[in-house]
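For reference, target21.txt (compact mmCIF, C-alpha atoms):
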# COMPACT_ATOMS: atom_id res chain seq x y z
CA MET A 814 -8.93 6.63 8.27
CA LEU A 815 -5.19 7.38 8.38
CA ASN A 816 -3.83 10.43 10.14
CA ILE A 817 -0.09 11.15 10.04
CA ARG A 818 1.00 14.13 12.14
CA ASN A 819 4.52 15.56 12.17
CA LEU A 820 6.10 12.18 11.43
CA THR A 821 9.89 12.23 11.78
CA LYS A 822 12.22 9.27 11.29
CA ILE A 823 15.96 9.73 11.74
CA TYR A 824 18.81 7.47 10.65
CA GLY A 825 22.05 8.69 12.21
CA ASP A 826 22.34 12.33 11.19
CA LYS A 827 19.81 12.07 8.34
CA LYS A 828 16.09 12.75 8.56
CA ALA A 829 14.59 10.13 6.24
CA VAL A 830 11.13 11.58 6.97
CA ASP A 831 10.97 15.16 8.16
CA ASP A 832 7.86 16.50 9.95
CA LEU A 833 5.41 14.84 7.52
CA SER A 834 1.67 15.34 7.98
CA LEU A 835 -1.01 13.69 5.83
CA HIS A 836 -4.66 12.73 6.22
CA ILE A 837 -6.25 9.95 4.18
CA ALA A 838 -10.03 9.88 4.55
CA PRO A 839 -12.37 6.90 4.10
CA GLY A 840 -13.18 6.39 0.44
CA GLU A 841 -9.90 7.87 -0.84
CA ILE A 842 -7.21 6.40 -3.04
CA TYR A 843 -4.16 8.41 -2.04
CA GLY A 844 -0.98 8.29 -4.12
CA PHE A 845 2.48 8.88 -2.64
CA ILE A 846 5.12 10.06 -5.11
CA GLY A 847 8.82 10.82 -4.88
CA HIS A 848 12.21 9.87 -6.23
CA ASN A 849 14.17 6.87 -4.92
CA GLY A 850 15.28 7.62 -1.38
CA ALA A 851 12.72 10.38 -0.86
CA GLY A 852 11.23 8.69 2.21
CA LYS A 853 8.19 6.90 0.78
CA THR A 854 9.00 3.37 1.92
CA THR A 855 10.16 4.58 5.33
CA THR A 856 6.84 6.39 5.80
CA LEU A 857 4.81 3.34 4.80
CA LYS A 858 6.80 1.08 7.13
CA CYS A 859 6.19 3.48 10.00
CA VAL A 860 2.46 3.48 9.25
CA VAL A 861 2.19 -0.33 9.36
CA GLY A 862 4.33 -0.66 12.47
CA ILE A 863 7.46 -2.21 10.96
CA LEU A 864 9.63 0.79 11.85
CA GLN A 865 9.62 2.81 15.05
CA PHE A 866 9.63 6.58 14.52
CA ASP A 867 11.32 9.35 16.44
CA ARG A 868 8.63 12.02 16.59
CA GLY A 869 5.03 12.55 15.60
CA GLU A 870 1.89 10.45 15.70
CA ILE A 871 0.18 7.98 13.37
CA GLU A 872 -3.44 6.98 13.87
CA VAL A 873 -5.48 4.36 12.04
CA ASN A 874 -9.21 4.91 12.44
CA GLY A 875 -8.46 7.00 15.53
CA ILE A 876 -6.15 4.43 17.16
CA SER A 877 -2.48 5.21 17.80
CA VAL A 878 0.02 2.98 15.99
CA ARG A 879 2.54 3.72 18.74
CA ASN A 880 0.23 2.96 21.70
CA ASP A 881 -1.90 0.12 20.30
CA PRO A 882 -0.09 -1.40 17.32
CA LEU A 883 -1.99 -4.70 17.39
CA SER A 884 -5.41 -3.08 17.02
CA CYS A 885 -4.09 -1.01 14.12
CA LYS A 886 -2.55 -4.01 12.37
CA LYS A 887 -5.88 -5.84 12.50
CA MET A 888 -7.34 -3.12 10.29
CA ILE A 889 -4.41 -2.88 7.87
CA ALA A 890 -3.10 -4.87 4.94
CA TYR A 891 0.42 -4.17 3.70
CA ILE A 892 2.05 -5.12 0.40
CA PRO A 893 5.77 -4.26 0.30
CA ASP A 894 7.59 -3.43 -2.90
CA ASN A 895 9.22 -6.86 -2.98
CA PRO A 896 6.95 -9.37 -1.22
CA ASP A 897 9.02 -11.72 0.94
CA LEU A 898 6.73 -14.73 1.19
CA TYR A 899 7.42 -18.09 2.81
CA ASP A 900 8.96 -19.93 -0.12
CA TYR A 901 8.68 -23.34 1.55
CA MET A 902 4.87 -23.03 1.67
CA THR A 903 2.51 -23.67 -1.19
CA GLY A 904 0.32 -20.80 -2.32
CA ILE A 905 -2.78 -22.21 -0.62
CA GLN A 906 -0.88 -22.86 2.61
CA TYR A 907 0.27 -19.25 2.67
CA LEU A 908 -3.24 -17.89 2.08
CA ASN A 909 -4.65 -20.12 4.82
CA PHE A 910 -1.85 -18.99 7.14
CA ILE A 911 -2.75 -15.32 6.57
CA ALA A 912 -6.45 -16.13 7.04
CA ASP A 913 -5.61 -17.84 10.34
CA VAL A 914 -3.61 -14.82 11.52
CA PHE A 915 -6.59 -12.53 10.93
CA GLY A 916 -9.23 -15.00 12.17
CA VAL A 917 -11.05 -15.35 8.86
CA GLY A 918 -13.67 -18.12 8.97
CA ALA A 919 -13.50 -21.23 6.78
CA GLN A 920 -16.34 -20.35 4.43
CA GLU A 921 -15.32 -16.72 4.01
CA ARG A 922 -11.70 -17.56 3.26
CA GLN A 923 -12.69 -20.27 0.80
CA GLU A 924 -14.96 -17.87 -1.08
CA LYS A 925 -12.34 -15.13 -1.23
CA ILE A 926 -9.46 -17.39 -2.19
CA SER A 927 -11.56 -18.92 -4.95
CA LYS A 928 -12.74 -15.52 -6.19
CA TYR A 929 -9.38 -13.76 -6.31
CA ALA A 930 -7.30 -16.76 -7.40
CA ASP A 931 -9.64 -17.20 -10.36
CA MET A 932 -9.46 -13.49 -11.15
CA PHE A 933 -5.66 -13.55 -11.22
CA GLU A 934 -5.52 -16.94 -12.97
CA LEU A 935 -3.58 -18.40 -10.05
CA THR A 936 -5.92 -21.22 -9.03
CA GLY A 937 -3.94 -23.94 -10.81
CA ASP A 938 -0.72 -22.83 -9.11
CA LEU A 939 -1.89 -22.67 -5.50
CA GLY A 940 -0.72 -26.22 -4.86
CA GLN A 941 2.82 -25.37 -5.97
CA ALA A 942 5.61 -24.18 -3.69
CA ILE A 943 5.98 -20.40 -3.64
CA SER A 944 9.67 -20.90 -4.42
CA SER A 945 8.61 -21.92 -7.94
CA TYR A 946 6.58 -18.72 -8.49
CA SER A 947 7.70 -15.89 -10.74
CA HIS A 948 7.89 -12.36 -9.30
CA GLY A 949 4.52 -11.53 -10.87
CA MET A 950 2.89 -14.62 -9.36
CA LYS A 951 4.27 -13.74 -5.92
CA GLN A 952 2.88 -10.24 -6.33
CA LYS A 953 -0.55 -11.65 -7.17
CA LEU A 954 -0.44 -13.97 -4.17
CA ALA A 955 0.50 -11.04 -1.92
CA ILE A 956 -2.46 -9.05 -3.28
CA ILE A 957 -4.87 -11.92 -2.61
CA SER A 958 -3.51 -12.29 0.93
CA ALA A 959 -3.98 -8.56 1.54
CA TRP A 960 -7.64 -8.67 0.54
CA ILE A 961 -8.50 -11.83 2.47
CA HIS A 962 -9.54 -10.17 5.77
CA ASP A 963 -11.43 -7.11 4.45
CA PRO A 964 -8.94 -4.52 5.74
CA LYS A 965 -10.13 -0.97 6.31
CA LEU A 966 -6.80 0.47 5.15
CA ILE A 967 -4.52 -1.01 2.49
CA ILE A 968 -0.92 0.19 2.30
CA MET A 969 1.03 -0.71 -0.85
CA ASP A 970 4.58 0.07 -1.93
CA GLU A 971 4.90 0.10 -5.74
CA PRO A 972 2.08 -2.43 -6.18
CA PHE A 973 2.04 -2.40 -10.00
CA VAL A 974 5.69 -3.42 -10.44
CA GLY A 975 5.86 -6.91 -11.93
CA LEU A 976 2.16 -7.13 -12.77
CA ASP A 977 1.00 -7.79 -16.32
CA PRO A 978 -1.53 -5.36 -17.84
CA LYS A 979 -4.53 -7.56 -17.03
CA ALA A 980 -3.50 -7.99 -13.39
CA SER A 981 -2.84 -4.23 -13.10
CA HIS A 982 -6.34 -3.54 -14.43
CA LEU A 983 -7.86 -5.98 -11.93
CA LEU A 984 -5.95 -4.41 -9.04
CA LYS A 985 -7.16 -0.92 -9.94
CA GLY A 986 -10.75 -2.17 -9.85
CA MET A 987 -10.19 -3.87 -6.50
CA MET A 988 -8.71 -0.69 -5.06
CA ARG A 989 -11.72 1.36 -6.10
CA GLU A 990 -14.06 -1.30 -4.71
CA VAL A 991 -12.39 -1.09 -1.28
CA CYS A 992 -12.87 2.67 -1.24
CA ASP A 993 -16.47 2.46 -2.43
CA LYS A 994 -17.13 0.36 0.68
CA GLY A 995 -15.64 3.04 2.95
CA GLY A 996 -12.06 1.79 3.12
CA ALA A 997 -8.95 3.69 2.06
CA ILE A 998 -5.83 3.06 -0.01
CA PHE A 999 -2.42 4.66 0.51
CA PHE A 1000 0.21 3.59 -2.00
CA SER A 1001 3.51 4.70 -3.45
CA THR A 1002 4.21 4.57 -7.16
CA HIS A 1003 6.64 5.72 -9.82
CA VAL A 1004 4.01 5.17 -12.52
CA LEU A 1005 2.70 8.72 -12.70
CA GLU A 1006 0.16 7.96 -15.44
CA VAL A 1007 -1.48 5.39 -13.14
CA ALA A 1008 -1.53 7.82 -10.22
CA GLU A 1009 -3.03 10.55 -12.38
CA LYS A 1010 -5.92 8.38 -13.55
CA LEU A 1011 -6.53 6.43 -10.35
CA CYS A 1012 -5.92 8.66 -7.34
CA ASP A 1013 -8.36 10.99 -5.61
CA LYS A 1014 -5.49 12.75 -3.88
CA VAL A 1015 -1.72 12.72 -4.17
CA ALA A 1016 1.28 13.77 -2.09
CA ILE A 1017 4.76 14.52 -3.40
CA ILE A 1018 7.72 14.01 -1.05
CA LYS A 1019 11.31 15.14 -1.58
CA SER A 1020 14.24 14.42 0.75
CA GLY A 1021 11.82 13.42 3.49
CA LYS A 1022 9.74 16.61 3.27
CA LEU A 1023 6.23 16.98 1.91
CA ILE A 1024 6.38 19.52 -0.91
CA ARG A 1025 2.85 19.34 -2.30
CA SER A 1026 -0.40 17.49 -1.53
CA GLY A 1027 -4.11 17.67 -2.23
CA THR A 1028 -6.64 16.62 -4.83
CA MET A 1029 -5.27 15.65 -8.20
CA GLU A 1030 -6.71 18.83 -9.69
CA ASP A 1031 -5.11 21.03 -7.03
CA VAL A 1032 -1.70 19.41 -7.37
CA ARG A 1033 -1.39 19.33 -11.13
CA GLY A 1034 -3.38 22.43 -12.11
CA ASP A 1035 -3.40 22.74 -15.89
CA ASP A 1036 -0.29 20.57 -16.30
CA SER A 1037 0.20 16.82 -16.21
CA LEU A 1038 1.27 15.17 -12.99
CA GLU A 1039 4.55 14.25 -14.64
CA GLU A 1040 5.28 17.89 -15.51
CA VAL A 1041 4.47 19.04 -11.99
CA PHE A 1042 6.60 16.31 -10.44
CA LEU A 1043 9.61 17.04 -12.62
CA GLU A 1044 9.30 20.78 -11.96
CA LEU A 1045 9.14 20.28 -8.19
CA GLU A 1046 12.01 17.79 -8.27
CA GLY A 1047 14.13 20.34 -10.09
CA GLU A 1048 13.53 23.16 -7.62
Starting from the file, lay out its structure as structure tokens.
Amino acid sequence: MLNIRNLTKIYGDKKAVDDLSLHIAPGEIYGFIGHNGAGKTTTLKCVVGILQFDRGEIEVNGISVRNDPLSCKKMIAYIPDNPDLYDYMTGIQYLNFIADVFGVGAQERQEKISKYADMFELTGDLGQAISSYSHGMKQKLAIISAWIHDPKLIIMDEPFVGLDPKASHLLKGMMREVCDKGGAIFFSTHVLEVAEKLCDKVAIIKSGKLIRSGTMEDVRGDDSLEEVFLELEGE
């Protein structure tokens, strides 16, 4: 589903991402772990086409992000770590705008908006301006917008930050549902307990370099993910 080969992104004299290669297969929830500044967000932004990269190749479902970005973006949903939504819109206007961008039909969008807004207890707030939303409400709206066009690949940067426990639980179920249908999830997180319980595979990045990846069992061995991460960070 997502193939990253020898990805390199350079800022000045610093390699923010250094020769990174990862493969996320259909049906996988893949966690991306590293300290602040390790290169996680840069990698995700390269994958979704926000940032150009200096070397390497990224393919979504066999299509090159560099050569055919529009086709790739049609298959992707992206939730950044701090969703910048259009504050002057109401919640329902924003969701309809996203549905228009991806060509989602009237009946399908209505069903999905109703379903997910009810799940996240946001229905009564959709008529309000996004500028009046709390951070958690904006995060929920961003999640709904990401799911509205049935993306094959969902990219998320720290998706659980700002969510209450119920919303976090709902999101985990939605992520698994996407993968059960043959989609894939690639997300960064600092919440190692969530990654340990949720992810099929995990990659640990340090100073732009991949230092360990594989199934959760392969990466953590007999230790916890937290112990492995702290040990690798200290090396």
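Closest approach to Asp894 (chain A) among A:Gly995, A:Gly1021, A:Pro978, A:Pro972: A:Pro972, based on all atoms listed in the file.
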Spatial neighbours of Glu1030 (chain A), 10 Å, all atoms listed in the file, chain gap at least 4 places, as a ChimeraX atom specification: /A:1009,1013-1015,1034-1038
Keeping only C-alpha atoms, write the selected residues as a PDB file, in the frame of the given file.
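The resulting file, selection_27.pdb, is shown below:
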ATOM      1  CA  GLU A1009      -3.030  10.550 -12.380  1.00  0.00           C
ATOM      2  CA  ASP A1013      -8.360  10.990  -5.610  1.00  0.00           C
ATOM      3  CA  LYS A1014      -5.490  12.750  -3.880  1.00  0.00           C
ATOM      4  CA  VAL A1015      -1.720  12.720  -4.170  1.00  0.00           C
ATOM      5  CA  GLY A1034      -3.380  22.430 -12.110  1.00  0.00           C
ATOM      6  CA  ASP A1035      -3.400  22.740 -15.890  1.00  0.00           C
ATOM      7  CA  ASP A1036      -0.290  20.570 -16.300  1.00  0.00           C
ATOM      8  CA  SER A1037       0.200  16.820 -16.210  1.00  0.00           C
ATOM      9  CA  LEU A1038       1.270  15.170 -12.990  1.00  0.00           C
TER      10      LEU A1038
END
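The coordinates place CA of Lys994 (chain A) at 17.9 Å from CA of Ile956 (chain A).
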What's the 7 Å shell around Met902 (chain A), counting only C-alpha atoms, without same-chain residues fewer than 5 positions away, as a ChimeraX atom specification? /A:907,942-943
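Comparing A:Leu1043, A:Ile968, A:Leu908, A:Ile817 by their smallest distance to Ala997 (chain A), the closest is A:Ile968 (using all atoms listed in the file).
In this structure, CA of Gly1047 (chain A) sits 24.9 Å away from CA of Leu1011 (chain A).
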With distances taken over only C-alpha atoms, which residue among A:Ala955, A:Leu864, A:Ile871, A:Leu976 lies nearest Asn819 (chain A)? A:Ile871
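Proximity ranking of A:Phe999, A:Tyr824, A:Phe933, A:Phe1042 relative to Tyr843 (chain A) places A:Phe999 first, based on all atoms listed in the file.
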Using all atoms listed in the file, determine which residues lie at most 12 Å from Pro896 (chain A), disregarding the query and same-chain residues fewer than 4 positions distant; provide the list as a ChimeraX atom specification. /A:891-892,900,943,946-956,958-959,969-972,974-975
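If you look at CA of Val873 (chain A) and CA of Lys827 (chain A), they are 26.7 Å away from each other.
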